[in-house]
Amino acid sequence: MLNRKNKTQHLATIFLAVMGIGFLATIPIQDTFWGRILLGGFEAGLVGGLADWFAVTALFRHPLGIPIPHTALLPKNRSRIITGIISMLENDWLTKESIHKKLDNIKFTEKLFEIIYKELPSPAVEKNFIMISKHLITTFDLKRFAPLLEEEIKSRIDALDSKNYLPLLIDQVAIRKYDEKALDYILKEIDDWASKESTKYKLGGLAVDAVENIKADGFMQFALKSFSNLVNEEKLGNIIQSLILKGVDSYRDPMNQNRQGLLTHIQNKLQVIKSDEKIQDEINNLKSQLVEKWELQEQISELLSQIQQKAYDFVEKPSFYGDYLLPLIKKGLEGVESNPEKVILLETWIKDHIISFIDKNHSKIGLLVKENLEKLDDKTLIEMVETNVGKDLQWIRVNGAVCGFLIGIVLVGIKAFF
């Protein structure tokens with residue numbers, strides 16, 4: 001740009017020099033017809049070229065350094081020019097209304113989705129998402145929620161009414177035959193206990209003590225005394241042990257009537273418990289007492305810490321972004337994109353915020369231009385203007401010289417004929 005301006009400036013100077021040389025060269029032959037014609041042309045061309053040189057130069061500096069009034073217009077009127085440029089930008093070229101109209105023609109949501117879909121698979125976006133996910137996991141203090149979770153858990157448990165769940169529990173006891181399993185377990189424990197050698201002697205000793213402590217008179221006393229002389233702890237223990245074991249074996253038989261009768265009695269009692277308000281209240285009271293004394297914060301905090309660590313480890317997996325997070329993001333975007341109402345709302349929201357930002361900061365456009373222009377000194381500003389429009393200004397000088405030359409010829413020709 002600067003080279004082209006210099007070439008045009010040289011061309012204008014050459015034209016001015018040609019006019020001057022032509023003027024001087026035609027003075028000796030001015031008495032001839034063609035001499036007068038050429039002299040008038042070169043004279044007018046010289047005057048036109050000099051006048052335009054003066055006018056172009058006066059825009060930027062004093063011609064020949066002489067402080068002639070109304071010259072060096074740009075430096076003298078710098079503030080007015082800057083104010084005019086700012087006014088033109090704010091009120092003519094970049095008005096709020098023109099920017100608003102331009103924004104109305106732009107589909108921000110469509111462009112936004114295009115950018116997002118294009119950038120989502122990129123390694124840079126993946127890295128940033130993973131970094132953000134890790135940062136959120138590590139900075140989120142889950143332990144702060146331990147008291148809240150403890151309170152909520154206790155509240156939910158305390159709100160459970162046994163009358164709503166006790167019948168279900170009893171029904172499950174019958175369906176899963178827990179009553180039979182409990183009876184079989186008790187019989188097994190009795191059988192294990194009764195089969196022990198030590199149990200036999202304990203039972204025998206208790207029986208002997210019981211017989212000896214029986215108070216009786218007459219013949220009964222004589223009979224008991226005779227019986228105690230015939231048996232000892234071992235014999236009585238064997239008898240009692242055998243009776244217990246036989247009883248246990250009989251109750252183990254599913255077809256045993258006593259067993260069936262006992263189970264029926266147990267089942268009937270369980271059915272009665274279903275609607276027993278006293279038992280229900282007692283269970284509720286017991287539950288409330290246990291819940292009140294239940295310290296959960298430490299366990300909840302530990303559980304939350306484990307969950308946090310597992311979440312962090314999960315994010316570090318190579319498949320996390322591609323297999324989990326990316327499909328989730330795309331699904332959310334597709335859900336928004338396929339819903340015209342949401343798209344319109346998003347578009348409106350974006351435009352409203354952009355318009356609001358522009359309205360608040362519109363005046364800063366002029367301030368920004370003003371600040372940048374005021375940073376330039378006069379010399380730099382003049383060079384910038386000359387670099388951008390100097391070529392056209394130099395062509396004014398060329399045109400002034402040429403047009404002056406032609407007009408001069410025409411005027412001298414007219415004078416010659418009239």
# chains A, B, ... in the order shown; residues from 1 in each chain; ligands from 1
$ select_by_dssp --residues "segment 124-316 of chain A" --states "alpha helix (DSSP H)" --output "PyMOL selection string"
chain A and resi 124-139+146-159+162-175+178-194+197-212+219-230+233-252+257-274+277-293+297-316
$ residues_around --residues "segment 336-348 of chain A" --least-positions-apart "2" --cutoff "9 Å" --atoms "only C-alpha atoms" --output "CSV table (one decimal) with N, CA and C atoms, in the first residue's frame"
chain,number,residue,atom,x,y,z
A,107,LYS,N,-28.9,-17.1,13.0
A,107,LYS,CA,-29.5,-18.3,13.7
A,107,LYS,C,-28.4,-18.8,14.7
A,108,PHE,N,-28.3,-18.2,15.8
A,108,PHE,CA,-27.2,-18.5,16.8
A,108,PHE,C,-27.3,-20.0,17.2
A,109,THR,N,-28.5,-20.5,17.5
A,109,THR,CA,-28.7,-21.8,18.0
A,109,THR,C,-28.2,-22.8,17.0
A,110,GLU,N,-28.5,-22.6,15.7
A,110,GLU,CA,-28.0,-23.6,14.7
A,110,GLU,C,-26.5,-23.6,14.6
A,113,PHE,N,-25.0,-25.3,17.7
A,113,PHE,CA,-25.1,-26.8,17.7
A,113,PHE,C,-24.0,-27.3,16.7
A,331,LYS,N,-27.2,-36.9,23.6
A,331,LYS,CA,-28.6,-37.2,23.9
A,331,LYS,C,-29.3,-36.0,24.4
A,332,GLY,N,-28.7,-35.3,25.3
A,332,GLY,CA,-29.3,-34.0,25.8
A,332,GLY,C,-29.4,-33.0,24.7
A,333,LEU,N,-28.4,-32.8,23.9
A,333,LEU,CA,-28.4,-31.8,22.8
A,333,LEU,C,-29.5,-32.2,21.8
A,334,GLU,N,-29.6,-33.5,21.5
A,334,GLU,CA,-30.6,-33.9,20.5
A,334,GLU,C,-32.0,-33.7,21.0
A,350,ILE,N,-30.3,-16.4,23.9
A,350,ILE,CA,-29.0,-16.0,23.4
A,350,ILE,C,-29.1,-14.6,22.9
A,351,LYS,N,-30.1,-14.3,22.0
A,351,LYS,CA,-30.2,-13.0,21.4
A,351,LYS,C,-30.5,-11.9,22.4
A,352,ASP,N,-31.4,-12.2,23.4
A,352,ASP,CA,-31.7,-11.2,24.4
A,352,ASP,C,-30.4,-10.8,25.2
A,353,HIS,N,-29.6,-11.8,25.5
A,353,HIS,CA,-28.4,-11.5,26.3
A,353,HIS,C,-27.4,-10.7,25.4
$ closest_residue --among "A:Lys163, A:Arg259, A:Lys196, A:Lys143" --to "Gln297 of chain A" --atoms "only C-alpha atoms"
A:Lys143
$ residues_around --residues "segment 363-375 of chain A" --least-positions-apart "5" --cutoff "7 Å" --atoms "only C-alpha atoms" --output "PyMOL selection string"
chain A and resi 82+86+90
$ residues_around --residues "segment 248-250 of chain A" --least-positions-apart "2" --cutoff "12 Å" --atoms "only C-alpha atoms" --output "PyMOL selection string"
chain A and resi 183-195+241-246+252-260
$ atom_distance --atom1 "atom CA of Gly45 of chain A" --atom2 "atom CA of Leu24 of chain A"
12.4 Å
$ atom_distance --atom1 "atom CA of Phe33 of chain A" --atom2 "atom CA of Leu406 of chain A"
16.2 Å
$ atom_distance --atom1 "atom CA of Leu38 of chain A" --atom2 "atom CA of Ile409 of chain A"
6.5 Å
$ closest_atom_pairs --of "segment 21-53 of chain A" --to "segment 61-70 of chain A" --cutoff "12 Å" --atoms "only C-alpha atoms" --output "tab-separated table"
residue	atom	partner	partner_atom	distance
A:Leu50	CA	A:Pro63	CA	10.8
A:Ala51	CA	A:Pro63	CA	11.1
A:Asp52	CA	A:Pro63	CA	11.5
A:Trp53	CA	A:Pro63	CA	8.7
$ write_last_selection --atoms "all heavy atoms" --output "PDB file, in the first residue's frame"
ATOM      1  N   LEU A  50      -0.149  22.952  -9.108  1.00  0.00           N
ATOM      2  CA  LEU A  50       0.304  23.575  -7.859  1.00  0.00           C
ATOM      3  C   LEU A  50      -0.837  23.793  -6.871  1.00  0.00           C
ATOM      4  O   LEU A  50      -0.680  23.610  -5.655  1.00  0.00           O
ATOM      5  CB  LEU A  50       0.982  24.916  -8.187  1.00  0.00           C
ATOM      6  CG  LEU A  50       2.356  24.825  -8.854  1.00  0.00           C
ATOM      7  CD1 LEU A  50       2.817  26.226  -9.307  1.00  0.00           C
ATOM      8  CD2 LEU A  50       3.378  24.207  -7.901  1.00  0.00           C
ATOM      9  N   ALA A  51      -2.008  24.179  -7.425  1.00  0.00           N
ATOM     10  CA  ALA A  51      -3.163  24.414  -6.538  1.00  0.00           C
ATOM     11  C   ALA A  51      -3.596  23.118  -5.853  1.00  0.00           C
ATOM     12  O   ALA A  51      -3.876  23.087  -4.639  1.00  0.00           O
ATOM     13  CB  ALA A  51      -4.311  25.003  -7.346  1.00  0.00           C
ATOM     14  N   ASP A  52      -3.631  22.028  -6.624  1.00  0.00           N
ATOM     15  CA  ASP A  52      -4.042  20.747  -6.027  1.00  0.00           C
ATOM     16  C   ASP A  52      -2.984  20.216  -5.073  1.00  0.00           C
ATOM     17  O   ASP A  52      -3.291  19.583  -4.050  1.00  0.00           O
ATOM     18  CB  ASP A  52      -4.330  19.721  -7.131  1.00  0.00           C
ATOM     19  CG  ASP A  52      -5.635  20.023  -7.859  1.00  0.00           C
ATOM     20  OD1 ASP A  52      -6.485  20.711  -7.265  1.00  0.00           O
ATOM     21  OD2 ASP A  52      -5.814  19.563  -9.007  1.00  0.00           O
ATOM     22  N   TRP A  53      -1.688  20.444  -5.425  1.00  0.00           N
ATOM     23  CA  TRP A  53      -0.635  20.049  -4.478  1.00  0.00           C
ATOM     24  C   TRP A  53      -0.800  20.783  -3.161  1.00  0.00           C
ATOM     25  O   TRP A  53      -0.667  20.203  -2.090  1.00  0.00           O
ATOM     26  CB  TRP A  53       0.726  20.377  -5.105  1.00  0.00           C
ATOM     27  CG  TRP A  53       1.848  20.321  -4.089  1.00  0.00           C
ATOM     28  CD1 TRP A  53       2.493  19.233  -3.629  1.00  0.00           C
ATOM     29  CD2 TRP A  53       2.408  21.444  -3.392  1.00  0.00           C
ATOM     30  NE1 TRP A  53       3.421  19.570  -2.689  1.00  0.00           N
ATOM     31  CE2 TRP A  53       3.390  20.937  -2.514  1.00  0.00           C
ATOM     32  CE3 TRP A  53       2.159  22.824  -3.430  1.00  0.00           C
ATOM     33  CZ2 TRP A  53       4.140  21.766  -1.686  1.00  0.00           C
ATOM     34  CZ3 TRP A  53       2.916  23.638  -2.613  1.00  0.00           C
ATOM     35  CH2 TRP A  53       3.892  23.113  -1.748  1.00  0.00           C
TER      36      TRP A  53
END
$ residues_around --residues "segment 120-134 of chain A" --least-positions-apart "4" --cutoff "12 Å" --atoms "only C-alpha atoms" --output "PDB file with N, CA and C atoms, in the first residue's frame"
ATOM      1  N   LEU A 112     -24.491 -22.656  16.958  1.00  0.00           N
ATOM      2  CA  LEU A 112     -23.965 -23.178  18.222  1.00  0.00           C
ATOM      3  C   LEU A 112     -23.938 -24.705  18.216  1.00  0.00           C
ATOM      4  N   PHE A 113     -25.037 -25.314  17.747  1.00  0.00           N
ATOM      5  CA  PHE A 113     -25.088 -26.776  17.676  1.00  0.00           C
ATOM      6  C   PHE A 113     -24.032 -27.307  16.703  1.00  0.00           C
ATOM      7  N   GLU A 114     -23.840 -26.633  15.584  1.00  0.00           N
ATOM      8  CA  GLU A 114     -22.826 -27.063  14.617  1.00  0.00           C
ATOM      9  C   GLU A 114     -21.440 -27.073  15.258  1.00  0.00           C
ATOM     10  N   ILE A 115     -21.131 -26.013  15.987  1.00  0.00           N
ATOM     11  CA  ILE A 115     -19.818 -25.914  16.640  1.00  0.00           C
ATOM     12  C   ILE A 115     -19.662 -26.998  17.701  1.00  0.00           C
ATOM     13  N   ILE A 116     -20.721 -27.198  18.491  1.00  0.00           N
ATOM     14  CA  ILE A 116     -20.647 -28.180  19.577  1.00  0.00           C
ATOM     15  C   ILE A 116     -20.453 -29.584  19.012  1.00  0.00           C
ATOM     16  N   THR A 138     -13.508 -33.850  43.101  1.00  0.00           N
ATOM     17  CA  THR A 138     -12.575 -33.648  44.214  1.00  0.00           C
ATOM     18  C   THR A 138     -12.936 -32.449  45.081  1.00  0.00           C
ATOM     19  N   THR A 139     -13.517 -31.433  44.482  1.00  0.00           N
ATOM     20  CA  THR A 139     -13.841 -30.229  45.252  1.00  0.00           C
ATOM     21  C   THR A 139     -15.198 -30.312  45.944  1.00  0.00           C
ATOM     22  N   PHE A 140     -16.006 -31.275  45.541  1.00  0.00           N
ATOM     23  CA  PHE A 140     -17.340 -31.393  46.132  1.00  0.00           C
ATOM     24  C   PHE A 140     -17.227 -32.119  47.471  1.00  0.00           C
ATOM     25  N   GLN A 308     -17.212 -41.272  46.269  1.00  0.00           N
ATOM     26  CA  GLN A 308     -16.437 -40.214  45.619  1.00  0.00           C
ATOM     27  C   GLN A 308     -15.185 -40.773  44.951  1.00  0.00           C
ATOM     28  N   GLN A 309     -14.492 -41.666  45.646  1.00  0.00           N
ATOM     29  CA  GLN A 309     -13.286 -42.266  45.083  1.00  0.00           C
ATOM     30  C   GLN A 309     -13.610 -43.139  43.880  1.00  0.00           C
ATOM     31  N   LYS A 310     -14.710 -43.885  43.974  1.00  0.00           N
ATOM     32  CA  LYS A 310     -15.115 -44.740  42.847  1.00  0.00           C
ATOM     33  C   LYS A 310     -15.503 -43.888  41.641  1.00  0.00           C
ATOM     34  N   ALA A 311     -16.161 -42.758  41.905  1.00  0.00           N
ATOM     35  CA  ALA A 311     -16.523 -41.853  40.809  1.00  0.00           C
ATOM     36  C   ALA A 311     -15.272 -41.292  40.141  1.00  0.00           C
ATOM     37  N   TYR A 312     -14.280 -40.933  40.929  1.00  0.00           N
ATOM     38  CA  TYR A 312     -13.021 -40.403  40.377  1.00  0.00           C
ATOM     39  C   TYR A 312     -12.315 -41.466  39.534  1.00  0.00           C
ATOM     40  N   ASP A 313     -12.271 -42.698  40.068  1.00  0.00           N
ATOM     41  CA  ASP A 313     -11.642 -43.792  39.322  1.00  0.00           C
ATOM     42  C   ASP A 313     -12.393 -44.069  38.025  1.00  0.00           C
ATOM     43  N   PHE A 314     -13.717 -43.951  38.084  1.00  0.00           N
ATOM     44  CA  PHE A 314     -14.541 -44.193  36.902  1.00  0.00           C
ATOM     45  C   PHE A 314     -14.261 -43.143  35.817  1.00  0.00           C
ATOM     46  N   VAL A 315     -14.093 -41.885  36.233  1.00  0.00           N
ATOM     47  CA  VAL A 315     -13.807 -40.817  35.269  1.00  0.00           C
ATOM     48  C   VAL A 315     -12.449 -41.034  34.605  1.00  0.00           C
ATOM     49  N   GLU A 316     -11.510 -41.627  35.320  1.00  0.00           N
ATOM     50  CA  GLU A 316     -10.173 -41.845  34.773  1.00  0.00           C
ATOM     51  C   GLU A 316     -10.120 -42.960  33.736  1.00  0.00           C
ATOM     52  N   LYS A 317     -11.172 -43.764  33.653  1.00  0.00           N
ATOM     53  CA  LYS A 317     -11.181 -44.854  32.671  1.00  0.00           C
ATOM     54  C   LYS A 317     -11.189 -44.284  31.252  1.00  0.00           C
ATOM     55  N   PRO A 318     -10.424 -44.896  30.333  1.00  0.00           N
ATOM     56  CA  PRO A 318     -10.385 -44.397  28.943  1.00  0.00           C
ATOM     57  C   PRO A 318     -11.753 -44.396  28.269  1.00  0.00           C
ATOM     58  N   SER A 319     -12.623 -45.291  28.702  1.00  0.00           N
ATOM     59  CA  SER A 319     -13.941 -45.394  28.058  1.00  0.00           C
ATOM     60  C   SER A 319     -14.969 -44.427  28.629  1.00  0.00           C
ATOM     61  N   PHE A 320     -14.606 -43.676  29.663  1.00  0.00           N
ATOM     62  CA  PHE A 320     -15.601 -42.821  30.329  1.00  0.00           C
ATOM     63  C   PHE A 320     -16.198 -41.795  29.379  1.00  0.00           C
ATOM     64  N   TYR A 321     -15.335 -41.048  28.684  1.00  0.00           N
ATOM     65  CA  TYR A 321     -15.849 -39.966  27.831  1.00  0.00           C
ATOM     66  C   TYR A 321     -16.598 -40.514  26.615  1.00  0.00           C
ATOM     67  N   GLY A 322     -15.967 -41.448  25.896  1.00  0.00           N
ATOM     68  CA  GLY A 322     -16.578 -41.940  24.666  1.00  0.00           C
ATOM     69  C   GLY A 322     -17.809 -42.790  24.877  1.00  0.00           C
ATOM     70  N   ASP A 323     -17.806 -43.602  25.955  1.00  0.00           N
ATOM     71  CA  ASP A 323     -18.914 -44.542  26.164  1.00  0.00           C
ATOM     72  C   ASP A 323     -20.013 -44.010  27.070  1.00  0.00           C
ATOM     73  N   TYR A 324     -19.707 -43.025  27.893  1.00  0.00           N
ATOM     74  CA  TYR A 324     -20.694 -42.578  28.873  1.00  0.00           C
ATOM     75  C   TYR A 324     -21.034 -41.087  28.738  1.00  0.00           C
ATOM     76  N   LEU A 325     -20.011 -40.243  28.903  1.00  0.00           N
ATOM     77  CA  LEU A 325     -20.289 -38.811  28.953  1.00  0.00           C
ATOM     78  C   LEU A 325     -20.698 -38.256  27.591  1.00  0.00           C
ATOM     79  N   LEU A 326     -19.967 -38.606  26.521  1.00  0.00           N
ATOM     80  CA  LEU A 326     -20.271 -38.082  25.187  1.00  0.00           C
ATOM     81  C   LEU A 326     -21.675 -38.480  24.728  1.00  0.00           C
ATOM     82  N   PRO A 327     -22.073 -39.764  24.836  1.00  0.00           N
ATOM     83  CA  PRO A 327     -23.460 -40.104  24.463  1.00  0.00           C
ATOM     84  C   PRO A 327     -24.495 -39.372  25.298  1.00  0.00           C
ATOM     85  N   LEU A 328     -24.180 -39.151  26.573  1.00  0.00           N
ATOM     86  CA  LEU A 328     -25.127 -38.432  27.437  1.00  0.00           C
ATOM     87  C   LEU A 328     -25.283 -36.984  26.979  1.00  0.00           C
ATOM     88  N   ILE A 329     -24.170 -36.336  26.632  1.00  0.00           N
ATOM     89  CA  ILE A 329     -24.220 -34.948  26.160  1.00  0.00           C
ATOM     90  C   ILE A 329     -24.979 -34.871  24.842  1.00  0.00           C
ATOM     91  N   LYS A 330     -24.664 -35.787  23.916  1.00  0.00           N
ATOM     92  CA  LYS A 330     -25.338 -35.787  22.611  1.00  0.00           C
ATOM     93  C   LYS A 330     -26.837 -36.032  22.762  1.00  0.00           C
ATOM     94  N   LEU A 333     -28.361 -32.827  23.902  1.00  0.00           N
ATOM     95  CA  LEU A 333     -28.407 -31.840  22.810  1.00  0.00           C
ATOM     96  C   LEU A 333     -29.481 -32.204  21.789  1.00  0.00           C
TER      97      LEU A 333
END
$ closest_residue --among "A:Leu74, A:Leu160, A:Ile354, A:Ile27" --to "Asp377 of chain A" --atoms "only C-alpha atoms"
A:Leu74
$ decode --residues "segment 166-194 of chain A" --atoms "N, CA and C atoms" --output "PDB file, in the first residue's frame"
ATOM      1  N   LEU A 166     -46.000 -55.310  59.318  1.00  0.00           N
ATOM      2  CA  LEU A 166     -46.027 -56.527  60.128  1.00  0.00           C
ATOM      3  C   LEU A 166     -46.865 -57.638  59.483  1.00  0.00           C
ATOM      4  N   PRO A 167     -48.064 -57.357  58.931  1.00  0.00           N
ATOM      5  CA  PRO A 167     -48.819 -58.416  58.231  1.00  0.00           C
ATOM      6  C   PRO A 167     -48.044 -58.997  57.053  1.00  0.00           C
ATOM      7  N   LEU A 168     -47.331 -58.148  56.314  1.00  0.00           N
ATOM      8  CA  LEU A 168     -46.538 -58.645  55.192  1.00  0.00           C
ATOM      9  C   LEU A 168     -45.413 -59.543  55.682  1.00  0.00           C
ATOM     10  N   LEU A 169     -44.790 -59.147  56.778  1.00  0.00           N
ATOM     11  CA  LEU A 169     -43.701 -59.935  57.347  1.00  0.00           C
ATOM     12  C   LEU A 169     -44.211 -61.302  57.815  1.00  0.00           C
ATOM     13  N   ILE A 170     -45.360 -61.305  58.477  1.00  0.00           N
ATOM     14  CA  ILE A 170     -45.937 -62.577  58.967  1.00  0.00           C
ATOM     15  C   ILE A 170     -46.343 -63.472  57.799  1.00  0.00           C
ATOM     16  N   ASP A 171     -46.877 -62.868  56.746  1.00  0.00           N
ATOM     17  CA  ASP A 171     -47.234 -63.662  55.561  1.00  0.00           C
ATOM     18  C   ASP A 171     -46.000 -64.302  54.942  1.00  0.00           C
ATOM     19  N   GLN A 172     -44.892 -63.555  54.917  1.00  0.00           N
ATOM     20  CA  GLN A 172     -43.655 -64.116  54.387  1.00  0.00           C
ATOM     21  C   GLN A 172     -43.125 -65.244  55.264  1.00  0.00           C
ATOM     22  N   VAL A 173     -43.358 -65.141  56.576  1.00  0.00           N
ATOM     23  CA  VAL A 173     -42.961 -66.225  57.486  1.00  0.00           C
ATOM     24  C   VAL A 173     -43.686 -67.513  57.108  1.00  0.00           C
ATOM     25  N   ALA A 174     -45.000 -67.403  56.784  1.00  0.00           N
ATOM     26  CA  ALA A 174     -45.775 -68.583  56.406  1.00  0.00           C
ATOM     27  C   ALA A 174     -45.382 -69.081  55.014  1.00  0.00           C
ATOM     28  N   ILE A 175     -45.210 -68.126  54.062  1.00  0.00           N
ATOM     29  CA  ILE A 175     -44.883 -68.517  52.689  1.00  0.00           C
ATOM     30  C   ILE A 175     -43.517 -69.207  52.626  1.00  0.00           C
ATOM     31  N   ARG A 176     -42.534 -68.659  53.321  1.00  0.00           N
ATOM     32  CA  ARG A 176     -41.177 -69.213  53.303  1.00  0.00           C
ATOM     33  C   ARG A 176     -40.969 -70.306  54.351  1.00  0.00           C
ATOM     34  N   LYS A 177     -42.056 -70.614  55.129  1.00  0.00           N
ATOM     35  CA  LYS A 177     -42.033 -71.672  56.141  1.00  0.00           C
ATOM     36  C   LYS A 177     -40.944 -71.444  57.178  1.00  0.00           C
ATOM     37  N   TYR A 178     -40.815 -70.180  57.573  1.00  0.00           N
ATOM     38  CA  TYR A 178     -39.834 -69.867  58.611  1.00  0.00           C
ATOM     39  C   TYR A 178     -40.235 -70.452  59.966  1.00  0.00           C
ATOM     40  N   ASP A 179     -41.564 -70.646  60.186  1.00  0.00           N
ATOM     41  CA  ASP A 179     -42.008 -71.232  61.454  1.00  0.00           C
ATOM     42  C   ASP A 179     -41.516 -72.671  61.580  1.00  0.00           C
ATOM     43  N   GLU A 180     -41.612 -73.447  60.479  1.00  0.00           N
ATOM     44  CA  GLU A 180     -41.119 -74.827  60.498  1.00  0.00           C
ATOM     45  C   GLU A 180     -39.606 -74.856  60.645  1.00  0.00           C
ATOM     46  N   LYS A 181     -38.924 -73.927  59.918  1.00  0.00           N
ATOM     47  CA  LYS A 181     -37.467 -73.886  59.994  1.00  0.00           C
ATOM     48  C   LYS A 181     -37.010 -73.509  61.401  1.00  0.00           C
ATOM     49  N   ALA A 182     -37.732 -72.594  62.040  1.00  0.00           N
ATOM     50  CA  ALA A 182     -37.386 -72.203  63.410  1.00  0.00           C
ATOM     51  C   ALA A 182     -37.588 -73.371  64.369  1.00  0.00           C
ATOM     52  N   LEU A 183     -38.719 -74.111  64.185  1.00  0.00           N
ATOM     53  CA  LEU A 183     -38.981 -75.268  65.056  1.00  0.00           C
ATOM     54  C   LEU A 183     -37.913 -76.335  64.861  1.00  0.00           C
ATOM     55  N   ASP A 184     -37.552 -76.595  63.597  1.00  0.00           N
ATOM     56  CA  ASP A 184     -36.514 -77.603  63.337  1.00  0.00           C
ATOM     57  C   ASP A 184     -35.181 -77.174  63.940  1.00  0.00           C
ATOM     58  N   TYR A 185     -34.884 -75.886  63.897  1.00  0.00           N
ATOM     59  CA  TYR A 185     -33.634 -75.404  64.481  1.00  0.00           C
ATOM     60  C   TYR A 185     -33.627 -75.606  65.991  1.00  0.00           C
ATOM     61  N   ILE A 186     -34.752 -75.285  66.634  1.00  0.00           N
ATOM     62  CA  ILE A 186     -34.856 -75.458  68.093  1.00  0.00           C
ATOM     63  C   ILE A 186     -34.722 -76.934  68.457  1.00  0.00           C
ATOM     64  N   LEU A 187     -35.402 -77.823  67.669  1.00  0.00           N
ATOM     65  CA  LEU A 187     -35.322 -79.269  67.938  1.00  0.00           C
ATOM     66  C   LEU A 187     -33.896 -79.756  67.772  1.00  0.00           C
ATOM     67  N   LYS A 188     -33.180 -79.224  66.768  1.00  0.00           N
ATOM     68  CA  LYS A 188     -31.793 -79.645  66.554  1.00  0.00           C
ATOM     69  C   LYS A 188     -30.920 -79.222  67.726  1.00  0.00           C
ATOM     70  N   GLU A 189     -31.137 -77.993  68.204  1.00  0.00           N
ATOM     71  CA  GLU A 189     -30.340 -77.515  69.343  1.00  0.00           C
ATOM     72  C   GLU A 189     -30.642 -78.331  70.592  1.00  0.00           C
ATOM     73  N   ILE A 190     -31.950 -78.689  70.779  1.00  0.00           N
ATOM     74  CA  ILE A 190     -32.322 -79.521  71.946  1.00  0.00           C
ATOM     75  C   ILE A 190     -31.683 -80.894  71.825  1.00  0.00           C
ATOM     76  N   ASP A 191     -31.711 -81.442  70.590  1.00  0.00           N
ATOM     77  CA  ASP A 191     -31.128 -82.769  70.373  1.00  0.00           C
ATOM     78  C   ASP A 191     -29.624 -82.747  70.635  1.00  0.00           C
ATOM     79  N   ASP A 192     -28.939 -81.684  70.139  1.00  0.00           N
ATOM     80  CA  ASP A 192     -27.497 -81.579  70.381  1.00  0.00           C
ATOM     81  C   ASP A 192     -27.193 -81.457  71.859  1.00  0.00           C
ATOM     82  N   TRP A 193     -28.002 -80.688  72.530  1.00  0.00           N
ATOM     83  CA  TRP A 193     -27.781 -80.499  73.982  1.00  0.00           C
ATOM     84  C   TRP A 193     -28.078 -81.771  74.762  1.00  0.00           C
ATOM     85  N   ALA A 194     -29.198 -82.410  74.422  1.00  0.00           N
ATOM     86  CA  ALA A 194     -29.602 -83.611  75.169  1.00  0.00           C
ATOM     87  C   ALA A 194     -28.682 -84.791  74.897  1.00  0.00           C
TER      88      ALA A 194
END
